[in-house]
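Data file: input33.cif. Format and content: mmCIF, C-alpha atoms.
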```
data_upload
#
loop_
_atom_site.label_atom_id
_atom_site.label_comp_id
_atom_site.auth_asym_id
_atom_site.auth_seq_id
_atom_site.Cartn_x
_atom_site.Cartn_y
_atom_site.Cartn_z
CA MET A 277 3.99 -133.22 -11.62
CA ILE A 278 3.64 -137.01 -11.38
CA ALA A 279 3.55 -138.76 -14.75
CA LEU A 280 0.37 -140.60 -15.66
CA ALA A 281 2.34 -143.81 -16.23
CA THR A 282 3.46 -143.62 -12.59
CA ALA A 283 0.19 -142.48 -11.02
CA ALA A 284 -2.24 -144.70 -12.96
CA PRO A 285 -1.05 -148.07 -11.52
CA ALA A 286 -1.19 -146.63 -7.99
CA ILE A 287 -4.71 -145.28 -8.51
CA GLY A 288 -5.87 -148.56 -10.07
CA ALA A 289 -4.34 -150.79 -7.39
CA ALA A 290 -5.72 -148.67 -4.55
CA PHE A 291 -9.16 -148.51 -6.20
CA VAL A 292 -9.55 -152.24 -6.75
CA ALA A 293 -8.11 -153.26 -3.37
CA SER A 294 -10.16 -150.66 -1.50
CA THR A 295 -13.33 -151.72 -3.33
CA VAL A 296 -13.01 -155.18 -1.79
CA GLU A 297 -12.70 -153.79 1.74
CA VAL A 298 -15.50 -151.22 1.33
CA VAL A 299 -17.87 -153.88 -0.01
CA GLU A 300 -17.23 -156.04 3.07
CA ALA A 301 -17.77 -153.13 5.48
CA PHE A 302 -20.90 -151.94 3.66
CA THR A 303 -22.45 -155.42 3.79
CA ILE A 304 -22.21 -155.53 7.60
CA VAL A 305 -23.39 -151.91 8.02
CA LEU A 306 -26.37 -152.69 5.81
CA ALA A 307 -27.13 -155.80 7.87
CA VAL A 308 -27.12 -153.65 11.03
CA ALA A 309 -29.41 -151.10 9.42
CA SER A 310 -31.86 -153.73 8.21
CA VAL A 311 -32.23 -155.16 11.72
CA ARG A 312 -32.02 -152.10 13.96
CA GLY A 313 -32.33 -149.09 11.68
CA TRP A 314 -29.94 -146.61 10.12
CA ARG A 315 -29.27 -144.58 13.27
CA PRO A 316 -27.09 -147.13 15.14
CA ALA A 317 -25.59 -148.33 11.85
CA LEU A 318 -24.49 -144.85 10.81
CA SER A 319 -23.44 -143.79 14.32
CA GLY A 320 -21.11 -146.78 14.59
CA ALA A 321 -19.75 -146.23 11.09
CA GLY A 322 -19.26 -142.51 11.73
CA ALA A 323 -17.34 -143.17 14.95
CA ALA A 324 -15.08 -145.62 13.12
CA LEU A 325 -14.40 -143.07 10.36
CA ALA A 326 -13.45 -140.50 13.03
CA VAL A 327 -10.95 -142.94 14.54
CA LEU A 328 -9.53 -143.66 11.09
CA ALA A 329 -9.13 -139.92 10.45
CA ILE A 330 -7.12 -139.60 13.68
CA VAL A 331 -4.93 -142.56 12.68
CA VAL A 332 -4.25 -141.08 9.23
CA ALA A 333 -3.49 -137.64 10.71
CA GLY A 334 -1.01 -139.21 13.13
CA LEU A 335 0.74 -141.34 10.52
CA GLY A 336 1.43 -138.46 8.13
CA PRO A 337 4.09 -136.63 10.21
CA LEU A 338 5.71 -139.91 11.25
CA LEU A 339 6.26 -141.01 7.66
CA SER A 340 8.26 -137.86 6.90
CA LEU A 341 10.80 -138.86 9.58
CA VAL A 342 11.61 -142.20 7.94
CA PRO A 343 14.29 -142.30 5.17
CA LEU A 344 12.66 -142.92 1.78
CA HIS A 345 14.66 -146.06 0.90
CA ALA A 346 14.01 -147.64 4.31
CA LEU A 347 10.32 -146.84 4.03
CA GLN A 348 10.19 -148.20 0.49
CA LEU A 349 11.92 -151.43 1.53
CA VAL A 350 9.65 -152.09 4.51
CA ILE A 351 6.49 -151.25 2.58
CA GLY A 352 7.64 -153.26 -0.43
CA ILE A 353 8.15 -156.38 1.68
CA LEU A 354 4.85 -155.94 3.51
CA LEU A 355 3.05 -155.26 0.25
CA LEU A 356 4.51 -158.40 -1.30
CA LEU A 357 3.46 -160.52 1.68
CA PHE A 358 0.00 -158.95 1.69
CA GLY A 359 -0.42 -159.44 -2.07
CA LEU A 360 0.81 -163.04 -2.02
CA GLY A 361 -1.63 -163.81 0.80
CA TRP A 362 -4.54 -162.50 -1.26
CA LEU A 363 -3.28 -164.26 -4.37
CA ARG A 364 -2.94 -167.57 -2.55
CA LYS A 365 -6.56 -167.46 -1.36
CA ALA A 366 -7.75 -166.33 -4.80
CA VAL A 367 -5.95 -169.25 -6.46
CA LEU A 368 -7.47 -171.72 -3.99
CA ARG A 369 -10.95 -170.27 -4.56
CA ALA A 370 -10.56 -170.31 -8.33
CA ALA A 371 -9.39 -173.92 -8.15
CA GLY A 372 -12.40 -174.91 -6.04
CA LEU A 373 -10.31 -175.76 -2.96
CA MET A 374 -11.73 -172.92 -0.83
CA ALA A 375 -15.29 -171.65 -0.57
CA LEU A 376 -16.07 -168.48 -2.51
CA HIS A 377 -16.63 -165.29 -0.53
CA ASP A 378 -20.42 -164.83 -0.46
CA GLU A 379 -21.66 -161.34 0.50
CA GLU A 380 -25.29 -162.49 0.66
CA ALA A 381 -24.37 -165.23 3.14
CA ILE A 382 -22.42 -162.73 5.25
CA TYR A 383 -25.39 -160.35 5.17
CA ALA A 384 -27.78 -163.09 6.34
CA ARG A 385 -25.38 -164.29 9.06
CA GLU A 386 -24.74 -160.80 10.44
CA SER A 387 -28.44 -159.94 10.36
CA ALA A 388 -29.28 -163.07 12.35
CA ARG A 389 -26.46 -162.46 14.84
CA ILE A 390 -27.30 -158.82 15.41
CA GLY A 391 -31.03 -159.57 15.52
CA GLY A 392 -30.48 -162.03 18.35
CA GLU A 393 -28.23 -159.71 20.32
CA VAL A 394 -30.14 -156.46 20.06
CA ARG A 395 -33.19 -157.95 21.73
CA SER A 396 -31.29 -157.81 25.02
CA ALA A 397 -28.64 -155.14 24.39
CA ALA A 398 -30.65 -152.57 22.39
CA ASN A 399 -28.86 -150.34 19.90
CA GLY A 400 -25.41 -150.54 21.50
CA VAL A 401 -24.48 -153.92 20.05
CA ALA A 402 -25.75 -152.88 16.63
CA ALA A 403 -23.65 -149.69 16.65
CA MET A 404 -20.61 -151.64 17.87
CA ALA A 405 -20.97 -154.18 15.05
CA SER A 406 -21.05 -151.34 12.52
CA PHE A 407 -18.10 -149.61 14.24
CA GLN A 408 -16.00 -152.78 14.26
CA ALA A 409 -16.66 -153.59 10.60
CA VAL A 410 -15.85 -150.09 9.34
CA LEU A 411 -12.79 -149.74 11.57
CA LEU A 412 -11.23 -153.08 10.64
CA GLU A 413 -11.89 -152.77 6.91
CA GLY A 414 -10.94 -149.08 7.02
CA LEU A 415 -7.58 -149.90 8.60
CA GLU A 416 -6.93 -152.26 5.71
CA VAL A 417 -7.74 -149.45 3.27
CA VAL A 418 -5.30 -147.16 5.14
CA PHE A 419 -2.63 -149.85 4.88
CA ILE A 420 -3.34 -150.28 1.17
CA VAL A 421 -3.01 -146.54 0.56
CA LEU A 422 0.24 -146.37 2.54
CA ALA A 423 1.63 -149.46 0.86
CA VAL A 424 0.77 -148.31 -2.64
CA GLY A 425 1.57 -144.63 -2.22
CA ALA A 426 4.11 -144.01 0.51
CA GLY A 427 7.07 -145.70 -1.11
CA ARG A 428 7.30 -143.37 -4.10
CA GLY A 429 5.46 -140.20 -3.18
CA LEU A 430 2.17 -141.43 -4.63
CA MET A 431 0.01 -140.89 -1.54
CA ILE A 432 -2.31 -138.51 -3.38
CA ALA A 433 -2.74 -140.93 -6.29
CA ALA A 434 -3.40 -143.87 -3.96
CA SER A 435 -5.80 -141.79 -1.88
CA ILE A 436 -7.71 -140.82 -5.02
CA GLY A 437 -8.10 -144.51 -5.88
CA ALA A 438 -9.32 -145.36 -2.37
CA LEU A 439 -11.77 -142.45 -2.24
CA ALA A 440 -13.10 -143.33 -5.69
CA ALA A 441 -13.72 -146.89 -4.48
CA PHE A 442 -15.52 -145.60 -1.38
CA PHE A 443 -17.85 -143.30 -3.32
CA ALA A 444 -18.48 -145.89 -6.05
CA VAL A 445 -19.49 -148.61 -3.57
CA MET A 446 -21.55 -146.21 -1.43
CA THR A 447 -23.40 -144.83 -4.45
CA PHE A 448 -24.11 -148.26 -5.87
CA GLY A 449 -25.04 -149.67 -2.47
CA VAL A 450 -27.45 -146.85 -1.58
CA LEU A 451 -29.16 -147.20 -4.95
CA ILE A 452 -29.78 -150.93 -4.67
CA ARG A 453 -29.96 -151.15 -0.84
CA LYS A 454 -28.95 -154.78 -0.65
CA PRO A 455 -25.67 -156.74 -0.38
CA LEU A 456 -23.30 -156.03 -3.22
CA ALA A 457 -23.32 -159.67 -4.28
CA LYS A 458 -23.11 -158.72 -7.94
CA VAL A 459 -19.63 -157.26 -7.42
CA PRO A 460 -17.24 -160.04 -8.51
CA GLU A 461 -15.25 -159.81 -5.28
CA ASN A 462 -13.31 -163.04 -5.75
CA THR A 463 -12.22 -161.88 -9.20
CA LEU A 464 -11.26 -158.51 -7.72
CA LYS A 465 -9.18 -160.23 -5.05
CA PHE A 466 -7.39 -162.22 -7.73
CA GLY A 467 -6.51 -158.99 -9.55
CA VAL A 468 -5.56 -157.23 -6.31
CA GLY A 469 -3.22 -160.05 -5.35
CA VAL A 470 -1.52 -159.79 -8.74
CA MET A 471 -1.13 -156.01 -8.57
CA LEU A 472 0.01 -155.78 -4.96
CA SER A 473 2.55 -158.58 -5.49
CA ALA A 474 3.89 -156.75 -8.54
CA PHE A 475 4.19 -153.49 -6.58
CA GLY A 476 5.91 -155.33 -3.74
CA VAL A 477 8.59 -156.86 -5.96
CA PHE A 478 9.08 -153.60 -7.86
CA TRP A 479 9.53 -151.38 -4.81
CA THR A 480 11.60 -153.87 -2.82
CA SER A 481 13.98 -154.18 -5.74
CA GLU A 482 14.18 -150.41 -6.19
CA ALA A 483 14.89 -149.92 -2.48
CA LEU A 484 17.78 -152.37 -2.81
CA GLY A 485 19.16 -150.36 -5.76
CA ALA A 486 18.28 -152.79 -8.56
CA PRO A 487 17.00 -150.85 -11.62
CA TRP A 488 14.13 -152.05 -13.79
CA PRO A 489 14.17 -151.85 -17.59
CA GLY A 490 11.51 -149.40 -18.70
CA ASP A 491 11.27 -147.90 -15.20
CA ASP A 492 7.62 -147.80 -14.07
CA TRP A 493 6.42 -149.65 -17.16
CA ALA A 494 8.11 -152.73 -15.72
CA LEU A 495 5.13 -152.98 -13.37
CA LEU A 496 3.03 -154.21 -16.29
CA GLY A 497 5.50 -156.99 -16.99
CA LEU A 498 5.62 -158.01 -13.33
CA ALA A 499 1.82 -158.02 -13.11
CA ALA A 500 1.62 -160.17 -16.24
CA ALA A 501 4.17 -162.60 -14.80
CA PHE A 502 2.25 -162.96 -11.53
CA LEU A 503 -1.03 -163.38 -13.42
CA ILE A 504 0.38 -166.12 -15.67
CA ALA A 505 1.93 -167.90 -12.68
CA ALA A 506 -1.31 -167.69 -10.67
CA LEU A 507 -3.43 -169.02 -13.54
CA ALA A 508 -0.96 -171.86 -14.02
CA LEU A 509 -1.25 -172.70 -10.31
CA VAL A 510 -5.05 -172.74 -10.58
CA ALA A 511 -4.82 -175.30 -13.38
CA LEU A 512 -2.19 -177.28 -11.48
CA VAL A 513 -3.97 -177.60 -8.13
CA ARG A 514 -7.58 -177.88 -9.41
CA PRO A 515 -8.91 -181.33 -8.51
CA ARG A 516 -9.23 -183.65 -11.47
CA PRO A 517 -12.50 -185.53 -11.96
CA ALA A 518 -12.19 -189.17 -11.03
CA THR A 519 -11.88 -191.49 -13.98
CA VAL A 520 -13.92 -194.67 -13.99
CA THR A 521 -12.13 -197.67 -15.46
CA PRO A 522 -14.35 -200.21 -17.21
#
```

In structure tokens, how does this file's structure come out?
Amino acid sequence: MIALATAAPAIGAAFVASTVEVVEAFTIVLAVASVRGWRPALSGAGAALAVLAIVVAGLGPLLSLVPLHALQLVIGILLLLFGLGWLRKAVLRAAGLMALHDEEAIYARESARIGGEVRSAANGVAAMASFQAVLLEGLEVVFIVLAVGAGRGLMIAASIGALAAFFAVMTFGVLIRKPLAKVPENTLKFGVGVMLSAFGVFWTSEALGAPWPGDDWALLGLAAAFLIAALALVALVRPRPATVTP
């Protein structure tokens, strides 16, 4: 039985990170549906989900062949790199040095692109756009689940977080039937970068045999440290208003 203190951070990290990816996929699928109808949108999304299921089914047996410490080390390093990449972009966006991620703008752009293409290529292009979006974002969700859960036997906990994100976004999206612009995605990405970076440091260190005081509770301290450092960087790199000398 996995302790709640161990499972909860994995569920939370997978949920928040997966929410970001599902929102992005749903926005493009919705754009396809608004231009060409739900049939090509759902057929492309369904085909992508089938491919993802095959990928997940194939990865399961392979993971059991890899020694736990080696798997934990590789995933810890990848998770740290992945988290730092998200955190870097989140810091730049929060500081005003990079444009914010705008789901409504993406929705309008994809609708215009698909609308222009389907006039000559019928439903095929629309279904392919939906397939590509779901497959690419879905592969990121698979990576998140593996990164969060595979290193310490928390695959079920991470999968629960990812599935909860999927159903939450789908339910909310179907109810409002428009881009999920109200979801604070840039804030989510900031939090995801903090959590994934903390997991990366924690698991890489454990794989190398370095113990943490408080065991799994050390994750909270690492997350707090990354959060404080990221907020300090936002304040440091934010452009200062020009001062006018009399």

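Of the listed residues A:Ala301, A:Leu496, A:Leu472, A:Ala434, the one whose atoms come nearest to A:Leu422 is A:Ala434, with distances taken using all atoms listed in the file.
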
(request) Apply the PyMOL selection byres ((chain A and resi 494) around 12) to the displayed file and report the matching residues as a ChimeraX atom specification. (result) /A:281-282,285,474-475,477-479,481-482,487-493,495-501

(message) Evaluate the PyMOL selection byres ((chain A and resi 409) around 9) against this structure - the residues, as a list of chain:residue names, please.
(response)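 Checked against the file, the PyMOL selection byres ((chain A and resi 409) around 9) matches A:Glu300, A:Ala301, A:Phe302, A:Ile304, A:Val305, A:Ala321, A:Ala324, A:Met404, A:Ala405, A:Ser406, A:Phe407, A:Gln408, A:Val410, A:Leu411, A:Leu412, A:Glu413, A:Gly414.
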
(request) List the neighbours of stretch 502-506 of chain A out to 7 Å using only C-alpha atoms; skip same-chain residues closer than 4 positions along the sequence, and give me the result as a list of chain:residue names. (result)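 That gives A:Val367, A:Val470, A:Leu498, A:Val510.
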
(message) Ranking A:Trp362, A:Val418, A:Ala370, A:Ala293 by minimum distance to A:Pro515 and counting all atoms listed in the file, which one comes first?
(response)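 For A:Pro515, the nearest of the given residues is A:Ala370.
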
(message) Let me make sure I understand: among A:Ala423, A:Asn462, A:Leu360, A:Leu509, which one has the smallest atom-to-atom distance to A:Ala289 if we use all atoms listed in the file?
(response) A:Ala423

(message) Could you check the closest approach to A:Gly320 for each of A:Val513, A:Ala283, A:Ala403, A:Leu354 and tell me which residue wins, using only C-alpha atoms?
(response)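 Of all the options, A:Ala403 lies closest to A:Gly320.
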
(request) Rank nothing, just name the residue among A:Leu415, A:Val308, A:Val350, A:Leu355 nearest to A:Ala329, using only C-alpha atoms. (result)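 Ranking A:Leu415, A:Val308, A:Val350, A:Leu355 by distance to A:Ala329, first place goes to A:Leu415.
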